[in-house]
$ cat coords_11.cif   # mmCIF, C-alpha atoms
data_upload
loop_
_atom_site.label_atom_id
_atom_site.label_comp_id
_atom_site.auth_asym_id
_atom_site.auth_seq_id
_atom_site.Cartn_x
_atom_site.Cartn_y
_atom_site.Cartn_z
CA MET A 1 75.01 -13.37 189.98
CA THR A 2 76.01 -16.19 192.33
CA ALA A 3 75.90 -16.06 196.12
CA ILE A 4 79.67 -15.66 196.33
CA ASP A 5 79.52 -12.73 193.93
CA GLN A 6 76.84 -11.11 196.07
CA LEU A 7 78.95 -11.64 199.17
CA ARG A 8 81.98 -10.19 197.40
CA GLU A 9 79.93 -7.16 196.34
CA PHE A 10 78.64 -6.76 199.90
CA PHE A 11 82.21 -6.77 201.27
CA HIS A 12 83.23 -4.23 198.65
CA HIS A 13 80.46 -1.88 199.79
CA ILE A 14 81.47 -2.27 203.44
CA ALA A 15 85.09 -1.51 202.58
CA ALA A 16 84.04 1.48 200.49
CA PHE A 17 82.04 2.77 203.44
CA LEU A 18 85.01 2.33 205.80
CA VAL A 19 87.48 4.35 203.74
CA TRP A 20 86.22 7.71 205.07
CA PRO A 21 86.25 6.80 208.78
CA VAL A 22 89.70 5.26 208.37
CA LEU A 23 91.15 8.29 206.62
CA ALA A 24 89.46 10.63 209.11
CA GLY A 25 90.90 8.52 211.94
CA LEU A 26 94.36 8.86 210.44
CA LEU A 27 93.96 12.63 210.23
CA CYS A 28 92.73 12.86 213.83
CA LEU A 29 95.55 10.65 215.04
CA MET A 30 98.04 12.73 213.10
CA ALA A 31 96.69 15.93 214.68
CA ALA A 32 96.86 14.35 218.14
CA MET A 33 100.44 13.28 217.48
CA LEU A 34 101.40 16.79 216.43
CA VAL A 35 100.02 18.10 219.73
CA ALA A 36 101.84 15.34 221.62
CA LEU A 37 105.03 16.14 219.73
CA GLY A 38 104.75 19.78 220.76
CA GLY A 39 104.37 18.80 224.41
CA PHE A 40 107.22 16.34 224.11
CA VAL A 41 109.59 18.89 222.58
CA ARG A 42 108.66 21.40 225.28
CA GLU A 43 109.29 18.90 228.07
CA ALA A 44 112.55 17.73 226.48
CA TRP A 45 113.72 21.33 226.18
CA ASP A 46 112.81 22.04 229.81
CA ARG A 47 114.51 18.87 231.04
CA ARG A 48 117.64 19.73 229.12
CA ALA A 49 117.63 23.09 230.91
CA GLY A 50 117.23 21.29 234.25
CA CYS A 51 113.57 22.17 234.77
CA ARG A 52 111.27 19.24 235.53
CA ARG A 53 107.88 20.86 236.10
CA SER A 54 105.89 17.68 236.60
CA LEU A 55 108.42 16.42 239.15
CA GLU A 56 108.37 19.74 240.97
CA ARG A 57 104.55 19.72 241.14
CA ALA A 58 104.58 16.17 242.50
CA GLN A 59 107.22 17.09 245.08
CA GLN A 60 105.12 20.07 246.18
CA ALA A 61 102.12 17.77 246.64
CA LEU A 62 104.27 15.50 248.83
CA ASP A 63 105.51 18.54 250.77
CA ARG A 64 101.91 19.63 251.46
CA ILE A 65 101.07 16.20 252.81
CA ALA A 66 104.19 16.11 255.00
CA SER A 67 103.57 19.63 256.34
CA GLN A 68 100.59 18.30 258.30
CA PRO A 69 102.17 15.52 260.37
CA ARG A 70 99.61 12.97 261.45
CA GLU A 71 99.10 9.29 261.97
CA GLY A 72 99.63 7.21 258.85
CA LEU A 73 101.79 9.79 257.10
CA ASP A 74 103.77 7.04 255.40
CA LEU A 75 100.59 5.66 253.85
CA LEU A 76 99.46 9.09 252.68
CA LEU A 77 102.82 9.73 251.05
CA GLU A 78 102.75 6.29 249.39
CA GLU A 79 99.23 6.91 248.11
CA GLN A 80 100.30 10.22 246.59
CA LEU A 81 103.33 8.56 245.00
CA GLN A 82 101.20 5.84 243.46
CA ASN A 83 98.58 8.31 242.20
CA THR A 84 101.25 10.44 240.57
CA GLU A 85 102.91 7.45 238.97
CA ARG A 86 99.57 6.10 237.71
CA GLU A 87 98.79 9.45 236.04
CA ARG A 88 102.16 9.51 234.32
CA TRP A 89 101.83 5.92 233.06
CA ARG A 90 98.29 6.63 231.83
CA ALA A 91 99.59 9.49 229.69
CA LEU A 92 102.25 7.16 228.36
CA GLY A 93 99.56 4.61 227.53
CA ARG A 94 98.01 7.00 225.01
CA LEU A 95 101.30 7.13 223.12
CA ARG A 96 101.55 3.36 223.19
CA LEU A 97 98.05 3.17 221.75
CA ALA A 98 99.14 5.39 218.85
CA VAL A 99 102.08 3.03 218.24
CA ARG A 100 99.58 0.25 217.57
CA VAL A 101 96.68 2.13 215.99
CA GLY A 102 98.76 4.18 213.51
CA PRO A 103 99.95 1.24 211.42
CA SER A 104 96.55 -0.46 211.64
CA LEU A 105 94.76 2.57 210.26
CA GLY A 106 97.54 3.02 207.70
CA LEU A 107 97.14 -0.56 206.53
CA MET A 108 93.37 -0.22 206.28
CA GLY A 109 93.85 3.09 204.47
CA THR A 110 96.12 1.25 202.06
CA LEU A 111 94.12 -1.87 201.35
CA ILE A 112 90.74 -0.21 200.83
CA PRO A 113 91.92 2.14 198.03
CA MET A 114 93.99 -0.70 196.55
CA ALA A 115 90.77 -2.60 195.87
CA ASN A 116 89.43 0.43 194.01
CA ALA A 117 92.77 0.83 192.21
CA LEU A 118 92.62 -2.76 191.01
CA GLN A 119 89.06 -2.22 189.85
CA GLY A 120 90.24 0.86 187.93
CA LEU A 121 93.01 -1.21 186.36
CA ALA A 122 90.51 -3.88 185.33
CA ASP A 123 88.25 -1.21 183.81
CA GLY A 124 91.17 0.50 182.04
CA ASN A 125 90.61 3.67 184.10
CA LEU A 126 94.20 4.79 184.68
CA PRO A 127 93.34 8.09 186.45
CA ALA A 128 91.28 6.15 189.03
CA LEU A 129 94.14 3.69 189.41
CA ALA A 130 96.68 6.46 189.99
CA SER A 131 94.46 8.38 192.39
CA ASN A 132 93.72 5.35 194.52
CA MET A 133 97.37 4.28 194.57
CA VAL A 134 98.42 7.74 195.79
CA THR A 135 95.84 7.55 198.58
CA ALA A 136 96.93 4.04 199.48
CA PHE A 137 100.63 4.86 199.76
CA ALA A 138 99.98 8.13 201.58
CA ALA A 139 97.91 6.29 204.19
CA THR A 140 100.74 3.82 204.72
CA VAL A 141 103.34 6.53 205.13
CA ILE A 142 101.18 8.54 207.53
CA GLY A 143 100.30 5.50 209.64
CA LEU A 144 103.92 4.40 209.93
CA THR A 145 105.12 7.93 210.66
CA ILE A 146 102.60 8.22 213.47
CA SER A 147 103.75 4.89 214.87
CA VAL A 148 107.46 5.69 214.74
CA ALA A 149 107.00 9.13 216.28
CA ALA A 150 104.79 7.74 219.04
CA TYR A 151 107.25 4.92 219.74
CA LEU A 152 110.21 7.30 220.06
CA MET A 153 108.28 9.69 222.29
CA ALA A 154 106.98 6.82 224.43
CA ALA A 155 110.49 5.41 224.88
CA ALA A 156 111.86 8.76 226.02
CA ARG A 157 108.88 9.50 228.26
CA GLU A 158 109.14 6.05 229.82
CA SER A 159 112.68 6.79 230.95
CA TRP A 160 111.51 10.16 232.27
CA VAL A 161 108.68 8.52 234.23
CA ARG A 162 111.08 6.01 235.75
CA ALA A 163 113.59 8.70 236.71
CA ASP A 164 110.88 10.96 238.17
CA SER A 165 109.32 8.08 240.09
CA GLN A 166 112.67 7.26 241.64
CA ALA A 167 113.31 10.92 242.53
CA LEU A 168 109.84 11.17 244.09
CA ALA A 169 110.37 8.03 246.13
CA PHE A 170 113.61 9.43 247.53
CA HIS A 171 111.94 12.78 248.22
CA ALA A 172 109.09 11.07 250.08
CA GLU A 173 111.57 9.03 252.11
CA ARG A 174 113.48 12.19 253.07
CA LEU A 175 110.23 13.89 254.09
CA LEU A 176 109.16 10.92 256.18
CA ARG A 177 112.53 10.78 257.95
CA ARG A 178 112.46 14.52 258.60
CA VAL A 179 108.95 14.38 260.09
CA THR A 180 109.62 11.30 262.20
CA GLY A 181 112.95 12.72 263.44
CA LYS A 182 115.13 9.94 262.06
CA GLU A 183 117.28 12.31 260.06
#

$ encode --input "coords_11.cif" --output "C-alpha coordinates"
Amino acid sequence: MTAIDQLREFFHHIAAFLVWPVLAGLLCLMAAMLVALGGFVREAWDRRAGCRRSLERAQQALDRIASQPREGLDLLLEEQLQNTERERWRALGRLRLAVRVGPSLGLMGTLIPMANALQGLADGNLPALASNMVTAFAATVIGLTISVAAYLMAAARESWVRADSQALAFHAERLLRRVTGKE
(Lines of atoms letter the chains of each structure in order from A and count residues from 1; the text may use other names and numbers.)
(Lines give C-alpha, C1' and ligand atoms only; values in the text may rest on other atoms or scores of the structure.)
Protein backbone atom coordinates (compact mmCIF):
# COMPACT_ATOMS: atom_id res chain seq x y z
CA MET A 1 0.00 0.00 0.00
CA THR A 2 1.45 3.35 -1.03
CA ALA A 3 1.53 6.50 1.10
CA ILE A 4 -1.31 8.05 -0.90
CA ASP A 5 -3.42 4.94 -0.34
CA GLN A 6 -2.76 5.14 3.39
CA LEU A 7 -3.72 8.81 3.40
CA ARG A 8 -6.87 8.03 1.44
CA GLU A 9 -7.75 5.28 3.93
CA PHE A 10 -7.09 7.65 6.83
CA PHE A 11 -9.45 10.25 5.33
CA HIS A 12 -12.08 7.57 4.81
CA HIS A 13 -11.91 6.63 8.50
CA ILE A 14 -12.22 10.28 9.55
CA ALA A 15 -15.25 10.74 7.31
CA ALA A 16 -16.80 7.52 8.61
CA PHE A 17 -16.31 8.80 12.15
CA LEU A 18 -17.94 12.14 11.29
CA VAL A 19 -21.15 10.70 9.87
CA TRP A 20 -22.74 10.18 13.30
CA PRO A 21 -22.00 13.65 14.71
CA VAL A 22 -23.20 15.22 11.45
CA LEU A 23 -26.46 13.27 11.41
CA ALA A 24 -26.98 13.93 15.13
CA GLY A 25 -26.33 17.63 14.49
CA LEU A 26 -28.96 17.62 11.76
CA LEU A 27 -31.47 16.00 14.10
CA CYS A 28 -30.73 18.49 16.88
CA LEU A 29 -30.97 21.41 14.48
CA MET A 30 -34.23 20.04 13.14
CA ALA A 31 -35.64 19.77 16.67
CA ALA A 32 -34.51 23.32 17.46
CA MET A 33 -36.15 24.55 14.27
CA LEU A 34 -39.42 22.85 15.18
CA VAL A 35 -39.36 24.66 18.53
CA ALA A 36 -38.52 27.93 16.78
CA LEU A 37 -41.31 27.33 14.28
CA GLY A 38 -43.78 26.86 17.12
CA GLY A 39 -42.71 30.15 18.70
CA PHE A 40 -42.83 31.87 15.34
CA VAL A 41 -46.35 30.65 14.56
CA ARG A 42 -47.50 31.73 18.02
CA GLU A 43 -46.02 35.20 17.63
CA ALA A 44 -47.40 35.54 14.10
CA TRP A 45 -50.85 34.54 15.33
CA ASP A 46 -50.67 37.02 18.20
CA ARG A 47 -49.45 39.83 15.95
CA ARG A 48 -52.25 39.15 13.51
CA ALA A 49 -54.67 39.53 16.41
CA GLY A 50 -52.99 42.83 17.37
CA CYS A 51 -51.15 41.50 20.41
CA ARG A 52 -47.43 42.23 20.52
CA ARG A 53 -46.32 40.81 23.87
CA SER A 54 -42.61 41.51 23.50
CA LEU A 55 -43.33 45.12 22.53
CA GLU A 56 -45.70 45.53 25.45
CA ARG A 57 -43.10 44.15 27.90
CA ALA A 58 -40.47 46.52 26.52
CA GLN A 59 -42.87 49.46 26.77
CA GLN A 60 -43.62 48.55 30.39
CA ALA A 61 -39.89 48.52 31.14
CA LEU A 62 -39.61 52.02 29.64
CA ASP A 63 -42.65 53.13 31.67
CA ARG A 64 -40.99 51.90 34.89
CA ILE A 65 -37.87 53.88 34.11
CA ALA A 66 -39.86 57.03 33.28
CA SER A 67 -42.01 56.73 36.42
CA GLN A 68 -38.96 57.65 38.51
CA PRO A 69 -37.93 60.99 37.00
CA ARG A 70 -34.30 61.75 37.66
CA GLU A 71 -31.23 63.24 36.09
CA GLY A 72 -30.13 61.50 32.91
CA LEU A 73 -33.54 60.00 32.16
CA ASP A 74 -32.89 60.27 28.44
CA LEU A 75 -29.76 58.15 28.79
CA LEU A 76 -31.55 55.54 30.88
CA LEU A 77 -34.33 55.28 28.32
CA GLU A 78 -31.79 55.01 25.49
CA GLU A 79 -29.90 52.30 27.35
CA GLN A 80 -33.10 50.31 27.83
CA LEU A 81 -33.96 50.73 24.14
CA GLN A 82 -30.55 49.49 23.07
CA ASN A 83 -30.63 46.53 25.47
CA THR A 84 -34.05 45.49 24.21
CA GLU A 85 -33.00 45.81 20.60
CA ARG A 86 -29.79 43.86 21.21
CA GLU A 87 -31.76 40.99 22.79
CA ARG A 88 -34.13 40.85 19.83
CA TRP A 89 -31.29 40.86 17.27
CA ARG A 90 -29.45 38.16 19.24
CA ALA A 91 -32.49 35.89 18.99
CA LEU A 92 -32.61 36.61 15.27
CA GLY A 93 -28.93 35.69 15.01
CA ARG A 94 -29.70 32.12 16.05
CA LEU A 95 -32.06 31.78 13.10
CA ARG A 96 -29.46 33.22 10.78
CA LEU A 97 -26.99 30.66 12.08
CA ALA A 98 -29.43 27.87 11.18
CA VAL A 99 -29.69 29.33 7.66
CA ARG A 100 -25.97 28.70 7.23
CA VAL A 101 -25.43 25.56 9.30
CA GLY A 102 -28.40 23.59 7.91
CA PRO A 103 -27.10 23.28 4.36
CA SER A 104 -23.54 22.68 5.59
CA LEU A 105 -24.60 19.76 7.74
CA GLY A 106 -26.88 18.55 4.94
CA LEU A 107 -23.99 18.60 2.48
CA MET A 108 -21.71 16.77 4.88
CA GLY A 109 -24.51 14.29 5.57
CA THR A 110 -24.75 13.77 1.82
CA LEU A 111 -21.11 13.43 0.87
CA ILE A 112 -20.06 11.06 3.65
CA PRO A 113 -22.66 8.36 2.83
CA MET A 114 -22.00 8.89 -0.89
CA ALA A 115 -18.45 7.67 -0.36
CA ASN A 116 -19.82 4.52 1.26
CA ALA A 117 -22.41 4.19 -1.51
CA LEU A 118 -19.69 4.33 -4.15
CA GLN A 119 -17.72 1.73 -2.24
CA GLY A 120 -20.83 -0.48 -2.17
CA LEU A 121 -21.22 0.00 -5.92
CA ALA A 122 -17.58 -0.97 -6.47
CA ASP A 123 -18.06 -4.08 -4.31
CA GLY A 124 -21.34 -4.99 -6.04
CA ASN A 125 -23.24 -4.55 -2.77
CA LEU A 126 -26.48 -2.99 -4.02
CA PRO A 127 -28.28 -2.94 -0.64
CA ALA A 128 -25.40 -0.92 0.86
CA LEU A 129 -25.51 1.38 -2.16
CA ALA A 130 -29.26 1.96 -1.81
CA SER A 131 -29.11 2.46 1.96
CA ASN A 132 -26.32 5.00 1.76
CA MET A 133 -28.00 6.87 -1.10
CA VAL A 134 -31.23 7.16 0.91
CA THR A 135 -29.28 8.56 3.86
CA ALA A 136 -27.41 10.95 1.60
CA PHE A 137 -30.50 12.40 -0.06
CA ALA A 138 -32.44 12.57 3.21
CA ALA A 139 -29.62 14.60 4.78
CA THR A 140 -29.70 17.02 1.86
CA VAL A 141 -33.44 17.48 2.06
CA ILE A 142 -33.40 17.98 5.82
CA GLY A 143 -30.52 20.46 5.70
CA LEU A 144 -32.14 22.53 2.96
CA THR A 145 -35.54 22.43 4.67
CA ILE A 146 -33.98 23.72 7.87
CA SER A 147 -32.27 26.49 5.95
CA VAL A 148 -35.37 27.60 4.05
CA ALA A 149 -37.56 27.56 7.16
CA ALA A 150 -34.97 29.50 9.16
CA TYR A 151 -34.55 32.04 6.35
CA LEU A 152 -38.29 32.68 6.08
CA MET A 153 -38.69 33.00 9.85
CA ALA A 154 -35.64 35.28 10.08
CA ALA A 155 -36.96 37.54 7.33
CA ALA A 156 -40.34 37.92 9.04
CA ARG A 157 -38.81 38.39 12.49
CA GLU A 158 -36.41 40.99 11.12
CA SER A 159 -39.32 43.11 9.96
CA TRP A 160 -40.97 42.63 13.35
CA VAL A 161 -37.81 43.72 15.17
CA ARG A 162 -37.55 46.82 13.01
CA ALA A 163 -41.20 47.74 13.54
CA ASP A 164 -41.00 47.13 17.30
CA SER A 165 -37.78 49.12 17.58
CA GLN A 166 -39.40 52.05 15.84
CA ALA A 167 -42.50 51.83 18.05
CA LEU A 168 -40.31 51.68 21.17
CA ALA A 169 -38.30 54.70 20.08
CA PHE A 170 -41.48 56.71 19.62
CA HIS A 171 -42.81 55.49 22.97
CA ALA A 172 -39.58 56.51 24.71
CA GLU A 173 -39.70 59.93 23.05
CA ARG A 174 -43.30 60.44 24.22
CA LEU A 175 -42.33 59.42 27.77
CA LEU A 176 -39.37 61.79 27.78
CA ARG A 177 -41.50 64.69 26.54
CA ARG A 178 -44.19 63.94 29.12
CA VAL A 179 -41.68 63.86 31.98
CA THR A 180 -39.81 66.97 30.87
CA GLY A 181 -43.08 68.87 30.30
CA LYS A 182 -42.53 69.51 26.60
CA GLU A 183 -45.78 67.86 25.61

$ atom_distance --input "coords_11.cif" --atom1 "CA of Gly120 (chain A)" --atom2 "CA of Gly25 (chain A)"
25.2 Å

$ residues_around --input "coords_11.cif" --residues "region 37-54 of chain A" --least-positions-apart "3" --cutoff "10 Å" --atoms "all atoms listed in the file" --output "list in words"
Ala31, Ala32, Met33, Leu34, Arg57, Ala58, Gln59, Gln60, Thr84, Arg88, Ala149, Ala150, Met153, Ala154, Ala156, Arg157, Trp160, Val161 and Asp164 of chain A

$ resolve_selection --input "coords_11.cif" --expression "the PyMOL selection byres ((chain A and resi 107-112) around 9)" --output "ChimeraX atom specification"
/A:12,15-16,18-20,22-23,26,102-106,113-117,132-133,135-140,143

$ atom_distance --input "coords_11.cif" --atom1 "CA of Ala66 (chain A)" --atom2 "CA of Leu168 (chain A)"
13.2 Å

$ atom_distance --input "coords_11.cif" --atom1 "CA of Tyr151 (chain A)" --atom2 "CA of Ala24 (chain A)"
21.5 Å

$ resolve_selection --input "coords_11.cif" --expression "the PyMOL selection byres ((chain A and resi 85) around 12)" --output "PyMOL selection string"
chain A and resi 54-55+58+78-84+86-92+158+160-169
